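Below is entry-v5.txt, holding compact mmCIF, C-alpha atoms.
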# COMPACT_ATOMS: atom_id res chain seq x y z
CA MET A 1 3.77 -74.16 -78.26
CA PRO A 2 3.68 -77.46 -80.24
CA ALA A 3 1.18 -77.76 -83.05
CA GLN A 4 -2.20 -79.19 -82.06
CA PRO A 5 -4.58 -81.21 -84.23
CA THR A 6 -8.12 -80.32 -85.20
CA LEU A 7 -10.56 -83.24 -84.96
CA CYS A 8 -12.63 -83.40 -88.14
CA GLU A 9 -14.86 -85.69 -90.13
CA THR A 10 -16.21 -86.00 -93.64
CA ILE A 11 -18.55 -88.44 -95.38
CA TYR A 12 -18.12 -90.81 -98.28
CA TRP A 13 -20.50 -92.95 -100.32
CA HIS A 14 -20.06 -96.70 -100.33
CA GLU A 15 -22.37 -99.71 -100.74
CA ASN A 16 -25.66 -97.80 -100.92
CA GLY A 17 -25.03 -95.53 -97.98
CA PHE A 18 -23.07 -92.62 -96.62
CA ARG A 19 -20.40 -93.31 -93.99
CA ARG A 20 -18.44 -91.02 -91.69
CA LEU A 21 -14.67 -90.80 -91.98
CA ALA A 22 -12.87 -89.20 -89.02
CA TYR A 23 -9.50 -87.52 -89.35
CA THR A 24 -7.16 -85.10 -87.61
CA ALA A 25 -5.90 -82.02 -89.43
CA TRP A 26 -2.60 -80.29 -88.73
CA GLY A 27 -1.10 -77.07 -90.07
CA ASP A 28 -2.29 -74.40 -92.46
CA PRO A 29 -4.74 -75.53 -95.20
CA ALA A 30 -2.82 -73.29 -97.62
CA ALA A 31 0.38 -75.30 -97.10
CA PRO A 32 1.44 -78.29 -99.24
CA PRO A 33 -0.76 -81.30 -98.44
CA VAL A 34 0.30 -84.60 -96.86
CA LEU A 35 -1.99 -87.58 -96.25
CA CYS A 36 -0.86 -90.04 -93.53
CA VAL A 37 -2.54 -93.46 -93.55
CA HIS A 38 -2.12 -95.89 -90.65
CA GLY A 39 -1.71 -99.66 -90.33
CA LEU A 40 -4.23 -102.47 -90.02
CA THR A 41 -5.37 -102.15 -86.39
CA ARG A 42 -4.24 -98.61 -85.73
CA THR A 43 -5.72 -95.09 -86.04
CA GLY A 44 -4.67 -91.77 -87.51
CA ARG A 45 -3.49 -90.65 -84.07
CA ASP A 46 -0.40 -92.83 -84.56
CA PHE A 47 0.93 -89.95 -86.68
CA ASP A 48 0.54 -87.22 -84.03
CA THR A 49 4.27 -86.89 -83.45
CA LEU A 50 5.16 -86.88 -87.15
CA ALA A 51 2.30 -84.55 -88.08
CA ALA A 52 3.26 -82.07 -85.36
CA ALA A 53 6.80 -82.04 -86.75
CA LEU A 54 5.50 -81.33 -90.27
CA ALA A 55 2.78 -78.83 -89.41
CA ASP A 56 5.00 -75.75 -89.80
CA ARG A 57 5.43 -76.44 -93.52
CA PHE A 58 2.60 -78.80 -94.50
CA HIS A 59 -1.13 -79.32 -94.17
CA VAL A 60 -1.34 -82.87 -92.78
CA LEU A 61 -4.49 -85.01 -92.66
CA CYS A 62 -4.44 -88.26 -90.68
CA PRO A 63 -7.62 -90.31 -91.22
CA ASP A 64 -9.03 -93.22 -89.26
CA LEU A 65 -9.69 -95.88 -91.88
CA PRO A 66 -13.24 -97.31 -91.98
CA GLY A 67 -13.85 -99.47 -88.93
CA ARG A 68 -11.15 -97.74 -86.87
CA GLY A 69 -11.08 -94.88 -84.40
CA GLY A 70 -13.87 -92.36 -84.94
CA SER A 71 -14.85 -93.62 -88.41
CA ASP A 72 -18.00 -95.66 -89.00
CA TRP A 73 -17.88 -99.43 -88.89
CA LEU A 74 -19.01 -101.18 -92.08
CA PRO A 75 -22.08 -103.45 -92.24
CA ASP A 76 -20.32 -106.14 -94.27
CA PRO A 77 -16.96 -107.33 -92.85
CA LEU A 78 -15.78 -108.36 -96.32
CA LEU A 79 -15.73 -104.66 -97.26
CA TYR A 80 -12.69 -104.18 -95.01
CA GLN A 81 -10.24 -104.27 -97.91
CA PRO A 82 -7.98 -101.74 -99.68
CA PRO A 83 -10.44 -100.78 -102.47
CA THR A 84 -12.93 -99.66 -99.80
CA TYR A 85 -10.27 -97.69 -97.95
CA ILE A 86 -9.06 -95.97 -101.10
CA ALA A 87 -12.63 -95.05 -102.03
CA ALA A 88 -13.09 -93.46 -98.59
CA LEU A 89 -9.76 -91.62 -98.77
CA THR A 90 -10.68 -90.20 -102.17
CA ASN A 91 -12.88 -87.69 -100.34
CA LEU A 92 -9.86 -86.41 -98.43
CA LEU A 93 -7.87 -86.17 -101.64
CA ALA A 94 -10.74 -84.10 -103.03
CA LEU A 95 -10.52 -81.78 -100.01
CA PHE A 96 -6.92 -81.04 -100.99
CA ALA A 97 -7.92 -80.54 -104.64
CA ARG A 98 -4.24 -80.66 -105.67
CA PRO A 99 -1.37 -83.17 -105.76
CA VAL A 100 -0.48 -84.66 -102.40
CA ALA A 101 2.28 -86.56 -100.66
CA TRP A 102 1.16 -89.88 -99.16
CA VAL A 103 2.75 -91.42 -96.05
CA GLY A 104 1.56 -94.97 -95.44
CA THR A 105 2.42 -97.43 -92.67
CA SER A 106 1.83 -101.11 -93.48
CA LEU A 107 -1.79 -101.30 -94.75
CA GLY A 108 -1.67 -97.54 -95.34
CA GLY A 109 1.33 -98.14 -97.59
CA ILE A 110 -0.48 -100.88 -99.52
CA CYS A 111 -3.29 -98.42 -100.16
CA GLY A 112 -0.70 -95.83 -101.18
CA MET A 113 0.92 -98.17 -103.70
CA LEU A 114 -2.44 -99.11 -105.21
CA ALA A 115 -3.50 -95.47 -105.44
CA ALA A 116 -0.17 -94.27 -106.85
CA ALA A 117 -0.24 -96.97 -109.53
CA ALA A 118 -3.71 -95.94 -110.76
CA PRO A 119 -4.08 -93.69 -113.81
CA GLY A 120 -4.56 -90.03 -112.92
CA ALA A 121 -3.51 -90.46 -109.30
CA PRO A 122 -3.03 -87.07 -107.55
CA ILE A 123 -0.03 -88.41 -105.62
CA GLU A 124 3.35 -86.80 -106.25
CA ARG A 125 5.47 -88.33 -103.43
CA LEU A 126 5.10 -91.62 -101.59
CA VAL A 127 6.55 -92.67 -98.25
CA LEU A 128 6.19 -96.38 -97.44
CA ASN A 129 6.75 -97.33 -93.81
CA ASP A 130 7.85 -100.97 -93.55
CA ILE A 131 5.77 -102.26 -96.43
CA GLY A 132 6.63 -103.39 -99.92
CA PRO A 133 5.37 -105.28 -102.95
CA PHE A 134 6.12 -108.72 -101.46
CA LEU A 135 4.63 -109.88 -98.15
CA PRO A 136 5.72 -113.27 -96.78
CA GLU A 137 3.20 -115.80 -95.53
CA ALA A 138 4.82 -116.19 -92.10
CA ALA A 139 4.51 -112.49 -91.26
CA LEU A 140 0.93 -112.34 -92.49
CA GLN A 141 0.12 -115.30 -90.25
CA ARG A 142 1.69 -113.56 -87.25
CA ILE A 143 -0.37 -110.44 -87.83
CA GLY A 144 -3.53 -112.48 -88.35
CA ASP A 145 -3.03 -114.19 -85.00
CA TYR A 146 -3.72 -110.98 -83.04
CA VAL A 147 -6.01 -109.05 -85.40
CA GLY A 148 -9.69 -109.31 -84.54
CA ALA A 149 -9.23 -109.90 -80.84
CA ALA A 150 -11.38 -107.71 -78.62
CA PRO A 151 -9.49 -107.76 -75.32
CA TYR A 152 -10.96 -106.11 -72.26
CA PHE A 153 -8.82 -103.67 -70.29
CA ALA A 154 -9.88 -102.60 -66.83
CA ASP A 155 -7.87 -99.39 -67.17
CA ILE A 156 -5.45 -97.53 -69.44
CA GLU A 157 -2.49 -99.11 -67.63
CA LYS A 158 -3.65 -102.58 -68.68
CA ALA A 159 -4.12 -101.38 -72.26
CA GLU A 160 -0.64 -99.90 -72.29
CA ALA A 161 0.89 -103.15 -71.02
CA TRP A 162 -0.88 -105.07 -73.80
CA LEU A 163 0.34 -102.63 -76.46
CA ARG A 164 3.91 -102.76 -75.17
CA HIS A 165 3.86 -106.53 -75.59
CA VAL A 166 2.02 -106.92 -78.91
CA HIS A 167 3.61 -103.90 -80.58
CA ALA A 168 7.09 -104.20 -79.14
CA PRO A 169 8.47 -104.14 -82.73
CA PHE A 170 7.44 -100.45 -82.91
CA GLY A 171 10.79 -99.73 -81.29
CA LYS A 172 12.18 -98.25 -78.09
CA LEU A 173 9.49 -95.71 -77.29
CA THR A 174 9.44 -93.52 -74.23
CA ASP A 175 6.94 -94.04 -71.44
CA ALA A 176 5.09 -90.94 -72.62
CA GLN A 177 4.90 -92.28 -76.17
CA TRP A 178 3.52 -95.66 -75.05
CA ARG A 179 0.95 -93.87 -72.92
CA HIS A 180 -0.08 -91.72 -75.88
CA LEU A 181 -0.53 -94.81 -78.03
CA ALA A 182 -2.57 -96.45 -75.29
CA GLU A 183 -4.85 -93.46 -74.88
CA THR A 184 -5.49 -93.20 -78.62
CA SER A 185 -5.78 -96.95 -79.29
CA VAL A 186 -8.79 -97.72 -77.09
CA ARG A 187 -12.43 -96.80 -76.69
CA ALA A 188 -14.39 -96.73 -73.46
CA LEU A 189 -17.03 -99.43 -72.94
CA PRO A 190 -20.52 -98.58 -71.62
CA GLN A 191 -20.09 -101.02 -68.73
CA GLY A 192 -16.70 -99.57 -67.84
CA GLY A 193 -13.20 -100.41 -68.92
CA TYR A 194 -11.78 -100.27 -72.43
CA THR A 195 -11.26 -102.27 -75.59
CA LEU A 196 -9.31 -101.67 -78.79
CA HIS A 197 -10.58 -98.87 -81.00
CA TYR A 198 -11.51 -100.91 -84.05
CA ASP A 199 -14.23 -103.22 -85.32
CA PRO A 200 -13.09 -106.82 -84.63
CA ALA A 201 -14.61 -107.74 -88.00
CA ILE A 202 -11.68 -106.11 -89.83
CA ALA A 203 -10.04 -109.55 -89.49
CA MET A 204 -12.68 -111.31 -91.60
CA PRO A 205 -11.17 -110.71 -95.07
CA THR A 206 -7.74 -112.00 -94.00
CA ARG A 207 -9.23 -115.02 -92.25
CA ALA A 208 -11.47 -115.92 -95.18
CA THR A 209 -8.52 -117.59 -96.92
CA PRO A 210 -5.33 -119.16 -95.54
CA PRO A 211 -2.38 -116.72 -95.50
CA ARG A 212 0.05 -117.04 -98.37
CA ASP A 213 2.84 -114.99 -99.91
CA LEU A 214 1.44 -111.82 -101.49
CA ASP A 215 3.19 -110.61 -104.64
CA MET A 216 2.41 -107.05 -105.75
CA TRP A 217 5.46 -106.42 -107.93
CA PRO A 218 3.33 -105.64 -111.04
CA ILE A 219 1.70 -102.81 -109.06
CA TRP A 220 5.09 -101.55 -107.88
CA ASP A 221 6.37 -101.53 -111.45
CA ARG A 222 3.57 -99.14 -112.48
CA ILE A 223 4.49 -96.50 -109.90
CA ASP A 224 6.53 -93.65 -111.35
CA LEU A 225 7.14 -90.95 -108.75
CA PRO A 226 9.67 -90.13 -106.02
CA MET A 227 9.48 -92.64 -103.18
CA LEU A 228 11.02 -93.13 -99.76
CA VAL A 229 10.92 -96.61 -98.21
CA LEU A 230 11.53 -97.07 -94.48
CA ARG A 231 12.32 -100.49 -93.01
CA GLY A 232 12.56 -101.60 -89.42
CA ALA A 233 15.93 -103.32 -89.10
CA GLU A 234 14.29 -106.44 -87.65
CA SER A 235 11.13 -106.41 -89.77
CA ASP A 236 9.62 -109.76 -90.72
CA LEU A 237 7.16 -108.17 -93.19
CA LEU A 238 9.52 -106.13 -95.38
CA LEU A 239 12.31 -108.62 -96.03
CA PRO A 240 15.88 -107.54 -96.85
CA ASP A 241 15.72 -108.90 -100.41
CA THR A 242 12.49 -107.00 -101.09
CA PHE A 243 13.95 -103.84 -99.56
CA ALA A 244 17.07 -104.13 -101.74
CA ARG A 245 14.99 -104.56 -104.89
CA MET A 246 12.87 -101.53 -103.99
CA ALA A 247 16.07 -99.49 -103.62
CA THR A 248 16.57 -99.63 -107.39
CA LYS A 249 13.80 -97.05 -107.83
CA ALA A 250 13.30 -95.54 -104.37
CA ARG A 251 15.28 -93.83 -101.65
CA THR A 252 15.61 -96.16 -98.65
CA HIS A 253 16.29 -95.78 -94.95
CA THR A 254 16.67 -98.42 -92.23
CA VAL A 255 15.32 -97.65 -88.76
CA SER A 256 17.44 -99.37 -86.13
CA GLU A 257 16.22 -101.30 -83.09
CA CYS A 258 12.71 -101.97 -84.34
CA GLY A 259 10.72 -104.38 -86.50
CA HIS A 260 7.29 -103.98 -88.04
CA ALA A 261 6.61 -101.17 -88.09
CA PRO A 262 8.67 -98.14 -87.02
CA ALA A 263 6.46 -95.87 -84.92
CA LEU A 264 7.73 -92.69 -86.66
CA MET A 265 8.14 -91.03 -83.28
CA ASP A 266 11.93 -90.73 -83.12
CA ALA A 267 13.65 -87.53 -84.24
CA PRO A 268 16.11 -89.10 -86.73
CA THR A 269 13.39 -90.93 -88.69
CA ILE A 270 11.10 -87.91 -88.63
CA ALA A 271 13.98 -85.83 -90.04
CA VAL A 272 14.41 -88.31 -92.93
CA VAL A 273 10.71 -88.14 -93.79
CA ARG A 274 10.57 -84.35 -93.43
CA ASP A 275 13.64 -83.83 -95.65
CA PHE A 276 12.16 -86.10 -98.33
CA LEU A 277 8.86 -84.21 -98.31
CA LEU A 278 10.54 -80.79 -98.30
CA ALA A 279 12.59 -81.81 -101.33
CA GLY A 280 9.35 -82.13 -103.27
CA LEU A 281 8.09 -78.60 -102.62
CA ARG A 282 7.49 -76.71 -105.82
CA PRO A 283 8.03 -72.97 -106.31
CA GLY A 284 4.92 -71.08 -105.37
CA TRP A 285 3.68 -73.41 -102.64
CA ALA A 286 2.38 -71.43 -99.70
CA THR A 287 4.33 -72.02 -96.50
CA VAL A 288 3.89 -70.79 -92.97
Mind turning the file's structure into structure tokens?
Amino acid sequence: MPAQPTLCETIYWHENGFRRLAYTAWGDPAAPPVLCVHGLTRTGRDFDTLAAALADRFHVLCPDLPGRGGSDWLPDPLLYQPPTYIAALTNLLALFARPVAWVGTSLGGICGMLAAAAPGAPIERLVLNDIGPFLPEAALQRIGDYVGAAPYFADIEKAEAWLRHVHAPFGKLTDAQWRHLAETSVRALPQGGYTLHYDPAIAMPTRATPPRDLDMWPIWDRIDLPMLVLRGAESDLLLPDTFARMATKARTHTVSECGHAPALMDAPTIAVVRDFLLAGLRPGWATV
């Protein structure tokens, strides 16, 4: 029988109040820990397929970032920024109480880079899914054009059709995979129907200033640990030149037939991630 997640939550302190942080847990808590952090408008359930494939050897936690999924929305939209997310995720790192591997898609990878570059970071391996230290203005504008919308869906079928269109760059997913994403990407409305499972205010920080190229190379230069960088072959966010420069200090892998960002649901890509994480296991780690 495939591994199944446990739905959990913890609390964290931020801006004069406690907030709830929801997450799914996979595998044996005694196994080596992996933290999987999703993209801007997504939830931790995006990692269900990957986490299930890792659960025999790892303890995998997949949080919903603040304002997404089952986690609390924030009272001030300008708090929806990486420092807030990292502060919330610190509580999950404390649950592990030991060095972890971090898998981050897009925004989750930005948070991973910032955390890994900080002194004393408990991160020993970093997987970046279609994100790097340079983000071009045009791609940021494209993302900003759909973030913050609160579309209404009469049923799950309408939500799935919307996701297939907006997130077509995820790759050639199966019908079952698109349905899974639809079911975990929406919340039911009191009056009936569905909308996306995030606070529309998450768009406020990005809309507060016009989009422009974002250069984080100084942060990248401070990271000193094994890294794996995945790139969608048609990505407009992780450009080929950036990817090539990252390859000077990281292992790289291109995922064919997709853009930003690979869904991490196909067997070949999962195998690459799993092999990279297994290579970091130290003698004495408990396995199941």
*asked:* So that I can check the surroundings of segment 157-168 of chain A, please list as an NGL selection string every protein, DNA and RNA residue that reaches within 12 Å of it, counting all atoms listed in the file and ignoring chain neighbours fewer than 3 positions away.
replied: :A and (39 or 41-42 or 142-143 or 145-147 or 149-154 or 171-188 or 193-197 or 232 or 234-235 or 257-263)
*Taking all atoms listed in the file into account, which of A:Lys249, A:Arg45, A:His38, A:Arg68 comes nearest Leu107 of chain A?*
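Between A:Lys249, A:Arg45, A:His38, A:Arg68, the residue approaching Leu107 of chain A most closely is A:His38.
Considering the residues A:Ala52, A:Ile110, A:Leu238, A:Leu92 and counting all atoms listed in the file, Glu137 of chain A has its shortest atom-to-atom contact with A:Leu238.
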*How many Å lie between atom CA of Ala53 of chain A and atom CA of Ala31 of chain A, rounded to one decimal?*
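Pair atom CA of Ala53 of chain A / atom CA of Ala31 of chain A returns 13.9 Å.
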*Name all residues at most 7 Å from Ile11 of chain A (count all atoms listed in the file; drop same-chain ones fewer than 4 positions away) and give them as a list in words.*
Phe18, Arg19, Arg20 and Leu21 of chain A
_Separation of atom CA of Ala55 of chain A from atom CA of Gly120 of chain A, in Å and rounded to one decimal_ =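 Distance reported for this atom pair: 27.1 Å.
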Could you give me, as a tab-separated table, a per-residue list for segment 11-109 of chain A showing, wherever an atom lies at most 12 Å from an atom of segment 207-214 of chain A, the closest pair of atoms and their distance in Å to one decimal, using all atoms listed in the file and sorting by chain then residue number from low to high?
residue	atom	partner	partner_atom	distance
A:Pro77	CA	A:Ala208	CA	10.5
A:Leu78	CA	A:Ala208	CA	8.8
A:Tyr80	CA	A:Arg207	CA	11.7
Based on the selection just made, write C-alpha atoms of those residues as a PDB file, keeping the file's coordinate frame.
ATOM      1  CA  PRO A  77     -16.960-107.330 -92.850  1.00  0.00           C
ATOM      2  CA  LEU A  78     -15.780-108.360 -96.320  1.00  0.00           C
ATOM      3  CA  TYR A  80     -12.690-104.180 -95.010  1.00  0.00           C
TER       4      TYR A  80
END
Given 6 Å on each side, where is the centre and what are the edge lengths in Å to one decimal of the axis-aligned box enclosing the listed atoms of segment 20-37 of chain A, as JSON?
{"center_x": -8.5, "center_y": -83.4, "center_z": -93.4, "size_x": 31.9, "size_y": 32.2, "size_z": 23.6}
*Interatomic distance, atom CA of Ala30 of chain A to atom CA of Phe276 of chain A (Å, one decimal)*: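 According to the coordinates, atom CA of Ala30 of chain A and atom CA of Phe276 of chain A are separated by 19.7 Å.
Using all atoms listed in the file for every distance, the candidate list A:Val273, A:Leu281, A:Ile156, A:Leu135 yields A:Leu135 as the residue closest to Asp215 of chain A.
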